[in-house]
$ cat entry18.tsv   # TSV, C-alpha atoms and all ligand atoms
chain	number	residue	atom	x	y	z
A	1	MET	CA	15.34	-34.36	-18.28
A	2	LYS	CA	14.42	-30.88	-19.45
A	3	THR	CA	17.11	-28.54	-20.61
A	4	THR	CA	16.93	-24.96	-19.37
A	5	PRO	CA	15.63	-22.83	-22.16
A	6	THR	CA	17.13	-19.60	-23.28
A	7	SER	CA	15.85	-16.80	-21.11
A	8	SER	CA	14.72	-13.48	-22.46
A	9	SER	CA	14.56	-11.88	-19.00
A	10	ASN	CA	12.35	-9.06	-20.06
A	11	GLY	CA	12.42	-7.94	-16.48
A	12	CYS	CA	9.71	-5.76	-15.14
A	13	CYS	CA	8.61	-5.17	-17.68
A	14	SER	CA	8.79	-5.24	-21.43
A	15	PRO	CA	7.94	-2.30	-23.67
A	16	ARG	CA	4.38	-1.14	-23.71
A	17	SER	CA	3.44	-1.55	-27.32
A	18	VAL	CA	0.01	-3.08	-27.79
A	19	GLN	CA	0.37	-6.69	-28.74
A	20	THR	CA	-2.18	-9.42	-28.95
A	21	ALA	CA	-0.12	-12.28	-30.36
A	22	PRO	CA	0.50	-15.22	-28.02
A	23	ILE	CA	3.53	-14.83	-25.82
A	24	GLN	CA	6.57	-16.55	-27.24
A	25	PRO	CA	9.99	-17.03	-25.70
A	26	GLN	CA	12.66	-14.66	-26.92
A	27	THR	CA	16.16	-15.42	-28.01
A	28	VAL	CA	19.23	-14.59	-26.01
A	29	GLN	CA	20.59	-11.95	-28.38
A	30	ASN	CA	18.09	-9.69	-26.64
A	31	LEU	CA	20.45	-9.61	-23.73
A	32	SER	CA	19.24	-9.79	-20.17
A	33	VAL	CA	19.44	-6.22	-19.00
A	34	VAL	CA	17.57	-6.99	-15.84
A	35	ASN	CA	18.42	-10.35	-14.41
A	36	LEU	CA	16.31	-10.33	-11.28
A	37	ASP	CA	17.11	-13.81	-10.08
A	38	VAL	CA	16.68	-13.00	-6.41
A	39	SER	CA	17.32	-16.63	-5.51
A	40	ALA	CA	20.89	-16.05	-6.68
A	41	VAL	CA	21.62	-13.98	-3.60
A	42	GLY	CA	20.56	-16.88	-1.36
A	43	ASN	CA	20.30	-16.00	2.32
A	44	SER	CA	22.58	-13.02	2.10
A	45	GLY	CA	19.59	-10.87	2.88
A	46	ALA	CA	17.49	-7.93	1.90
A	47	GLU	CA	20.43	-5.59	1.33
A	48	ALA	CA	21.89	-7.97	-1.25
A	49	VAL	CA	18.55	-8.10	-3.06
A	50	LYS	CA	18.40	-4.30	-3.08
A	51	THR	CA	21.96	-4.01	-4.34
A	52	MET	CA	21.13	-6.35	-7.20
A	53	VAL	CA	17.91	-4.51	-8.06
A	54	ARG	CA	19.67	-1.11	-7.95
A	55	SER	CA	22.52	-2.28	-10.11
A	56	SER	CA	20.15	-3.88	-12.64
A	57	TYR	CA	18.01	-0.77	-13.02
A	58	GLY	CA	21.13	1.40	-13.08
A	59	GLU	CA	22.16	-0.49	-16.19
A	60	VAL	CA	18.71	-0.01	-17.72
A	61	ALA	CA	18.90	3.75	-17.11
A	62	LYS	CA	22.43	4.03	-18.50
A	63	LYS	CA	21.52	2.07	-21.57
A	64	SER	CA	18.43	4.16	-22.13
A	65	SER	CA	20.37	7.41	-21.69
A	66	ALA	CA	23.06	6.23	-24.05
A	67	LYS	CA	20.57	5.35	-26.73
A	68	ASN	CA	18.25	8.22	-25.89
A	69	SER	CA	15.38	6.02	-26.90
A	70	SER	CA	12.53	4.15	-25.30
A	71	ASP	CA	12.82	1.01	-27.32
A	72	CYS	CA	14.88	-0.93	-24.85
A	73	GLY	CA	13.53	-1.66	-21.43
A	74	CYS	CA	14.49	-4.47	-19.13
A	75	GLY	CA	15.03	-7.02	-21.81
A	76	CYS	CA	15.13	-5.10	-25.06
A	77	SER	CA	12.27	-7.21	-26.30
A	78	THR	CA	9.32	-6.22	-28.40
A	79	ASP	CA	7.04	-8.51	-26.42
A	80	ASN	CA	4.55	-7.31	-23.87
A	81	PRO	CA	3.89	-10.01	-21.29
A	82	PHE	CA	1.31	-7.89	-19.51
A	83	ASN	CA	-0.70	-7.09	-22.64
A	84	LEU	CA	-0.83	-3.48	-21.52
A	85	GLU	CA	-2.96	-1.01	-23.28
A	86	SER	CA	-0.89	1.58	-25.03
A	87	TYR	CA	0.60	4.37	-22.94
A	88	GLU	CA	1.47	6.43	-25.98
A	89	ASN	CA	-1.95	8.04	-26.30
A	90	LEU	CA	-2.14	9.25	-22.71
A	91	ASP	CA	-1.93	12.98	-22.06
A	92	GLY	CA	1.52	13.81	-20.72
A	93	TYR	CA	3.19	10.76	-22.29
A	94	ASP	CA	6.92	11.33	-22.91
A	95	PRO	CA	8.71	8.65	-24.94
A	96	ALA	CA	12.11	9.46	-23.42
A	97	ALA	CA	10.71	8.67	-19.96
A	98	ASP	CA	9.05	5.42	-20.95
A	99	LEU	CA	11.53	2.62	-20.38
A	100	GLY	CA	8.83	-0.01	-20.77
A	101	LEU	CA	9.15	-1.10	-17.14
A	102	GLY	CA	5.55	-0.90	-15.97
A	103	CYS	CA	2.96	-3.63	-15.56
A	104	GLY	CA	-0.19	-1.53	-15.51
A	105	ILE	CA	-1.44	2.02	-15.93
A	106	PRO	CA	-2.02	3.28	-12.38
A	107	THR	CA	-2.43	6.91	-13.46
A	108	GLU	CA	-5.66	6.21	-15.34
A	109	LEU	CA	-7.35	4.90	-12.18
A	110	ALA	CA	-5.73	7.18	-9.60
A	111	LEU	CA	-8.56	9.76	-9.44
A	112	LEU	CA	-6.01	12.54	-9.89
A	113	GLU	CA	-7.40	16.05	-9.41
A	114	PRO	CA	-6.03	19.50	-10.24
A	115	GLY	CA	-3.81	20.75	-7.44
A	116	ASN	CA	-3.05	17.29	-6.00
A	117	HIS	CA	0.32	16.55	-4.42
A	118	VAL	CA	1.35	13.22	-5.96
A	119	LEU	CA	4.13	10.80	-5.02
A	120	ASP	CA	5.39	8.20	-7.52
A	121	LEU	CA	7.26	5.35	-5.82
A	122	GLY	CA	10.01	3.79	-7.94
A	123	SER	CA	9.68	6.51	-10.55
A	124	GLY	CA	12.21	5.13	-13.04
A	125	GLY	CA	12.57	7.48	-16.04
A	126	GLY	CA	9.58	9.53	-14.83
A	127	ILE	CA	6.83	8.32	-17.14
A	128	ASP	CA	4.00	8.09	-14.59
A	129	ALA	CA	5.11	11.30	-12.89
A	130	PHE	CA	4.82	13.20	-16.20
A	131	ILE	CA	1.40	11.70	-16.98
A	132	ALA	CA	0.25	12.58	-13.45
A	133	ARG	CA	1.54	16.14	-13.87
A	134	LYS	CA	-0.69	16.63	-16.88
A	135	ALA	CA	-3.73	15.64	-14.78
A	136	ILE	CA	-2.95	17.76	-11.73
A	137	GLY	CA	-1.87	20.88	-13.65
A	138	GLU	CA	0.39	23.76	-12.69
A	139	SER	CA	-1.10	24.14	-9.22
A	140	GLY	CA	-0.19	20.61	-8.15
A	141	LYS	CA	3.17	18.94	-7.68
A	142	VAL	CA	4.65	15.51	-8.32
A	143	VAL	CA	7.57	13.95	-6.47
A	144	GLY	CA	9.19	10.77	-7.80
A	145	VAL	CA	11.33	8.63	-5.50
A	146	ASP	CA	13.77	6.01	-6.70
A	147	PHE	CA	16.81	4.43	-5.05
A	148	THR	CA	18.78	4.06	-8.29
A	149	PRO	CA	20.92	7.18	-8.85
A	150	GLU	CA	21.02	6.65	-12.62
A	151	MET	CA	17.21	6.57	-12.74
A	152	ILE	CA	16.97	9.79	-10.74
A	153	ALA	CA	19.49	11.47	-13.06
A	154	LEU	CA	17.55	10.31	-16.13
A	155	ALA	CA	14.18	11.45	-14.75
A	156	GLN	CA	15.63	14.84	-13.74
A	157	LYS	CA	17.10	15.29	-17.20
A	158	ASN	CA	13.73	14.44	-18.76
A	159	ALA	CA	11.94	16.93	-16.47
A	160	ARG	CA	14.49	19.64	-17.35
A	161	GLU	CA	14.08	19.04	-21.06
A	162	LEU	CA	10.30	19.20	-20.73
A	163	GLY	CA	10.62	22.43	-18.74
A	164	PHE	CA	8.57	21.15	-15.80
A	165	GLU	CA	9.06	23.00	-12.54
A	166	ASN	CA	6.48	21.23	-10.42
A	167	VAL	CA	7.93	17.73	-10.91
A	168	SER	CA	10.95	16.66	-8.85
A	169	PHE	CA	12.82	13.41	-8.40
A	170	VAL	CA	14.39	12.42	-5.10
A	171	LEU	CA	16.87	9.66	-4.34
A	172	GLY	CA	15.49	7.46	-1.59
A	173	ASP	CA	14.40	4.03	-0.45
A	174	ILE	CA	10.69	3.25	-0.34
A	175	GLU	CA	11.22	1.41	2.95
A	176	ASN	CA	12.40	4.66	4.54
A	177	LEU	CA	11.08	7.62	2.57
A	178	PRO	CA	12.93	10.94	2.92
A	179	LEU	CA	9.58	12.76	2.97
A	180	GLU	CA	7.34	14.47	5.51
A	181	SER	CA	4.34	12.71	7.03
A	182	ASP	CA	0.80	13.53	5.81
A	183	SER	CA	2.05	15.40	2.76
A	184	PHE	CA	0.52	13.69	-0.32
A	185	ASP	CA	-3.01	13.38	-1.72
A	186	ARG	CA	-2.15	10.53	-4.07
A	187	ILE	CA	0.54	7.84	-4.31
A	188	LEU	CA	1.30	5.99	-7.53
A	189	SER	CA	3.58	3.03	-8.10
A	190	ASN	CA	4.09	0.90	-11.18
A	191	CYS	CA	5.73	-2.52	-10.92
A	192	VAL	CA	8.00	-1.61	-8.05
A	193	LEU	CA	6.73	-2.83	-4.69
A	194	ASN	CA	7.24	-6.48	-5.63
A	195	LEU	CA	10.95	-5.64	-5.75
A	196	VAL	CA	11.01	-4.26	-2.20
A	197	PRO	CA	12.11	-6.86	0.36
A	198	ASP	CA	10.29	-5.39	3.37
A	199	LYS	CA	6.80	-4.74	2.03
A	200	GLN	CA	5.43	-4.10	5.50
A	201	ALA	CA	7.89	-1.22	5.94
A	202	ALA	CA	7.06	0.11	2.45
A	203	PHE	CA	3.31	0.03	3.10
A	204	ALA	CA	3.80	1.71	6.49
A	205	GLU	CA	5.77	4.49	4.79
A	206	MET	CA	3.01	4.91	2.18
A	207	HIS	CA	0.51	5.25	5.03
A	208	ARG	CA	2.72	7.74	6.86
A	209	VAL	CA	3.24	10.15	3.96
A	210	LEU	CA	-0.37	10.08	2.68
A	211	LYS	CA	-2.79	12.65	4.02
A	212	THR	CA	-5.90	11.32	5.74
A	213	GLY	CA	-8.41	10.55	2.99
A	214	GLY	CA	-5.55	10.19	0.49
A	215	LEU	CA	-5.40	7.36	-2.04
A	216	PHE	CA	-2.71	5.11	-3.45
A	217	THR	CA	-3.04	3.37	-6.82
A	218	VAL	CA	-0.49	0.67	-7.44
A	219	SER	CA	0.07	-1.72	-10.34
A	220	ASP	CA	2.15	-4.74	-9.43
A	221	ILE	CA	2.84	-8.41	-10.06
A	222	VAL	CA	1.48	-11.01	-7.64
A	223	THR	CA	0.94	-14.75	-7.66
A	224	VAL	CA	-2.19	-16.80	-7.12
A	225	GLY	CA	-2.03	-20.39	-5.87
A	226	ASP	CA	1.03	-22.62	-5.76
A	227	LEU	CA	3.30	-22.08	-8.72
A	228	PRO	CA	5.49	-25.10	-9.46
A	229	SER	CA	9.13	-23.97	-9.42
A	230	GLY	CA	9.59	-24.65	-13.13
A	231	ILE	CA	6.57	-22.51	-13.97
A	232	ARG	CA	7.78	-19.72	-11.68
A	233	ASP	CA	11.20	-19.86	-13.36
A	234	SER	CA	9.62	-19.71	-16.80
A	235	ALA	CA	7.47	-16.72	-15.85
A	236	ALA	CA	10.44	-15.01	-14.18
A	237	ALA	CA	12.49	-15.50	-17.32
A	238	TYR	CA	9.76	-13.78	-19.22
A	239	ALA	CA	9.06	-10.92	-16.81
A	240	GLY	CA	11.71	-10.32	-14.17
A	241	CYS	CA	9.29	-8.92	-11.58
A	242	VAL	CA	7.84	-12.36	-11.13
A	243	ALA	CA	10.96	-13.58	-9.34
A	244	SER	CA	10.09	-11.82	-6.10
A	245	ALA	CA	6.30	-11.61	-6.44
A	246	ILE	CA	4.28	-12.63	-3.37
A	247	PRO	CA	0.75	-14.11	-3.19
A	248	LYS	CA	-2.05	-11.66	-3.96
A	249	ASP	CA	-3.91	-12.44	-0.70
A	250	GLU	CA	-0.79	-11.80	1.37
A	251	TYR	CA	-0.12	-8.52	-0.45
A	252	ILE	CA	-3.67	-7.28	0.19
A	253	SER	CA	-3.67	-8.47	3.82
A	254	LEU	CA	-0.44	-6.61	4.48
A	255	LEU	CA	-1.97	-3.42	3.07
A	256	GLU	CA	-5.10	-3.86	5.17
A	257	GLU	CA	-3.05	-4.52	8.31
A	258	THR	CA	-1.25	-1.25	7.57
A	259	GLY	CA	-4.58	0.56	7.77
A	260	PHE	CA	-5.70	0.87	4.14
A	261	GLN	CA	-9.11	0.01	2.72
A	262	VAL	CA	-8.18	-1.83	-0.49
A	263	ASP	CA	-10.04	-2.33	-3.79
A	264	ILE	CA	-8.86	-4.47	-6.69
A	265	LEU	CA	-9.33	-2.36	-9.82
A	266	LYS	CA	-7.70	-4.63	-12.39
A	267	ASP	CA	-6.52	-8.21	-12.41
A	268	ALA	CA	-4.84	-9.39	-15.61
A	269	PRO	CA	-3.27	-12.86	-15.44
A	270	LEU	CA	-0.24	-13.49	-17.62
A	271	SER	CA	-0.92	-16.19	-20.16
A	272	PHE	CA	1.74	-18.50	-21.47
A	273	THR	CA	1.37	-21.01	-24.26
A	274	ASP	CA	1.87	-24.71	-23.55
A	275	GLU	CA	4.65	-24.59	-26.12
A	276	TYR	CA	6.54	-22.02	-24.06
A	277	LEU	CA	5.99	-23.71	-20.70
A	278	LEU	CA	7.01	-27.12	-22.04
A	279	GLN	CA	10.50	-25.76	-22.42
A	280	TRP	CA	10.62	-25.48	-18.63
A	281	VAL	CA	8.47	-28.30	-17.26
A	282	GLY	CA	7.36	-31.76	-18.30
A	283	PRO	CA	3.86	-32.53	-19.60
A	284	GLN	CA	2.67	-33.84	-16.23
A	285	GLU	CA	3.77	-30.76	-14.34
A	286	LEU	CA	2.19	-28.58	-17.02
A	287	ALA	CA	-1.12	-30.45	-16.74
A	288	ALA	CA	-1.05	-30.18	-12.92
A	289	PHE	CA	-0.36	-26.44	-13.22
A	290	ARG	CA	-3.23	-25.92	-15.67
A	291	ASP	CA	-5.58	-27.89	-13.37
A	292	SER	CA	-4.51	-25.97	-10.26
A	293	GLY	CA	-5.60	-22.57	-11.55
A	294	ALA	CA	-2.35	-21.04	-10.23
A	295	GLN	CA	-1.38	-17.80	-11.94
A	296	VAL	CA	0.99	-14.90	-12.17
A	297	THR	CA	-1.10	-11.78	-12.46
A	298	SER	CA	-0.75	-8.03	-12.88
A	299	VAL	CA	-3.06	-6.26	-10.45
A	300	THR	CA	-3.95	-2.63	-10.02
A	301	LEU	CA	-5.04	-1.87	-6.46
A	302	ARG	CA	-6.39	1.28	-4.89
A	303	GLY	CA	-6.20	1.94	-1.17
A	304	LYS	CA	-7.52	4.72	1.03
A	305	LYS	CA	-6.05	6.08	4.25
A	306	SER	CA	-9.09	6.77	6.38
B	401	LIG	C1	10.33	-2.04	-12.81
B	401	LIG	S1	11.03	-0.48	-12.58
B	401	LIG	C2	9.59	0.57	-12.77
B	401	LIG	C3	9.92	2.00	-13.08
B	401	LIG	C4	8.72	2.90	-13.34
B	401	LIG	N1	7.74	2.80	-12.27
B	401	LIG	C5	8.05	2.57	-14.66
B	401	LIG	O1	6.93	2.08	-14.69
B	401	LIG	O2	8.70	2.83	-15.69
B	401	LIG	C6	11.35	-0.46	-10.86
B	401	LIG	C7	11.95	0.83	-10.32
B	401	LIG	O3	11.84	0.79	-8.90
B	401	LIG	C8	13.05	1.22	-8.32
B	401	LIG	N2	13.12	0.58	-6.99
B	401	LIG	C9	13.14	-0.74	-6.70
B	401	LIG	N3	13.21	-0.93	-5.37
B	401	LIG	C10	13.21	0.31	-4.79
B	401	LIG	C11	13.26	0.78	-3.44
B	401	LIG	N4	13.35	-0.07	-2.40
B	401	LIG	N5	13.26	2.10	-3.23
B	401	LIG	C12	13.19	2.98	-4.28
B	401	LIG	N6	13.15	2.59	-5.56
B	401	LIG	C13	13.15	1.27	-5.83
B	401	LIG	C14	14.11	0.76	-9.30
B	401	LIG	O4	15.30	1.51	-9.17
B	401	LIG	C15	13.41	0.99	-10.64
B	401	LIG	O5	13.64	2.28	-11.15
$ encode --input "entry18.tsv" --output "structure tokens"
Amino acid sequence: MKTTPTSSSNGCCSPRSVQTAPIQPQTVQNLSVVNLDVSAVGNSGAEAVKTMVRSSYGEVAKKSSAKNSSDCGCGCSTDNPFNLESYENLDGYDPAADLGLGCGIPTELALLEPGNHVLDLGSGGGIDAFIARKAIGESGKVVGVDFTPEMIALAQKNARELGFENVSFVLGDIENLPLESDSFDRILSNCVLNLVPDKQAAFAEMHRVLKTGGLFTVSDIVTVGDLPSGIRDSAAAYAGCVASAIPKDEYISLLEETGFQVDILKDAPLSFTDEYLLQWVGPQELAAFRDSGAQVTSVTLRGKKS
């Protein structure tokens, strides 16, 4: 019988330093800041999931504020399970706002234009909002929405310190946005929607607040094929967003049913070494998984409201 390996629980997602070395499991001293084991709440429902998510990211924000540094995201690890390109060189990058929680770089593909009104869903410490602000200039505006009060406080503090007057952060739930219809040219979201229990409601809200012809660009974690439970657990231990990720086809179908035309801009499967996975599953299950082609992947999608 396999023993359960030590979990690093990097959460969604680990810091964004460029790293090409194979992914290795982390040790438990890097404590689990974000333990997104949604199965732990059983059938107690969507509100329990949200309470857990809010409390987990509240801790991340408090920890970040206390340390005033960006070196500790969900799991305080130096690994980068999504092999993200570096954020640090992007115009508008602010280290205090980068909690290392993203799983893509939606801003680079968002076709942002000067004067745009931009909404960032699940804005965390504000990193994507500040990068977007640089692209849209003084004549545009950015609104970040997050349902974790500590994240909103952190992002507002960052905006104040940067002296930005056209970036604001609003407390609210993506499933029920406190925003007017048809009011944004662009929507961004980075590694957030997988955490939202009612994705249909979230996508409907995105559609409602976008202007006709407006675009969303979203980076998120999805699954492909049937993931054996041991493999899902191992991936979730590595990157917390995996715990509640849904199949890629279902995600895209839901967006299309909402009324968006969707394009896949990036698709970057997470790769795990056999050595890592063998801590979670036996050799036969590992071989079956490798043969099946099942994956956990970070996608960046763009959708248009026509
Ligand atoms: C993985 S973090 C990503 C933060 C930020 N996008 C980034 O890349 O740094 C997820 C964020 O989404 C927020 N969030 C999760 N579910 C939400 C919901 N239903 N409504 C609003 N915010 C939500 C969390 O509070 C957290 O700040």
$ residues_near_ligand --input "entry18.tsv" --ligand "ligand LIG 401 (chain B)" --cutoff "6 Å" --atoms "only C-alpha atoms and all ligand atoms" --output "NGL selection string"
:A and (12 or 54 or 57 or 98-102 or 122-124 or 127 or 146-148 or 151 or 172-175 or 189-192 or 195-196)
$ atom_distance --input "entry18.tsv" --atom1 "CA of Asp267 in chain A" --atom2 "CA of Ala155 in chain A"
28.6 Å
$ axis_aligned_box --input "entry18.tsv" --around "range 221-236 of chain A" --padding-each-side "8 Å" --output "JSON"
{"center_x": 4.5, "center_y": -16.8, "center_z": -11.3, "size_x": 29.4, "size_y": 32.7, "size_z": 27.0}
$ residues_around --input "entry18.tsv" --residues "Val281 in chain A" --least-positions-apart "3" --cutoff "8 Å" --atoms "only C-alpha atoms" --output "MDAnalysis selection string"
chainID A and resid 2 230:231 277:278 285:286
$ closest_residue --input "entry18.tsv" --among "A:Val224, A:Val262, A:Ala97, A:Val53" --to "Lys304 in chain A" --atoms "all atoms listed in the file"
A:Val262
$ atom_distance --input "entry18.tsv" --atom1 "CA of Pro106 in chain A" --atom2 "CA of Ile152 in chain A"
20.1 Å
$ closest_residue --input "entry18.tsv" --among "A:Leu254, A:Ile131, A:Lys63, A:Ser271" --to "Asp198 in chain A" --atoms "all atoms listed in the file"
A:Leu254
$ atom_distance --input "entry18.tsv" --atom1 "CA of Asp291 in chain A" --atom2 "CA of Val222 in chain A"
19.2 Å
$ closest_residue --input "entry18.tsv" --among "A:Ala243, A:Val142, A:Ala153, A:Leu177" --to "Glu165 in chain A" --atoms "only C-alpha atoms"
A:Val142
$ closest_residue --input "entry18.tsv" --among "A:Phe130, A:Ser55, A:Asp185, A:Ala135" --to "Ala159 in chain A" --atoms "all atoms listed in the file"
A:Phe130
$ closest_residue --input "entry18.tsv" --among "A:Gly225, A:Pro269, A:Gly104, A:Gly137" --to "Gly92 in chain A" --atoms "only C-alpha atoms"
A:Gly137
$ closest_residue --input "entry18.tsv" --among "A:Asn158, A:Ser183, A:Thr212, A:Asn194" --to "Ser64 in chain A" --atoms "only C-alpha atoms"
A:Asn158
$ residues_around --input "entry18.tsv" --residues "Asn116 in chain A" --least-positions-apart "2" --cutoff "12 Å" --atoms "all atoms listed in the file" --output "list in words"
Ala110, Leu111, Leu112, Glu113, Pro114, Val118, Leu119, Ala132, Arg133, Lys134, Ala135, Ile136, Gly137, Glu138, Ser139, Gly140, Lys141, Val142, Val143, Asn166, Ser183, Phe184, Asp185, Arg186, Ile187, Leu210, Lys211, Gly214 and Leu215 of chain A
$ residues_near_point --input "entry18.tsv" --point "(6.5, -23.1, -13.4)" --cutoff "12 Å" --atoms "all atoms listed in the file" --output "NGL selection string"
:A and (223 or 225-238 or 242-243 or 272 or 274 or 276-290 or 292 or 294-296)
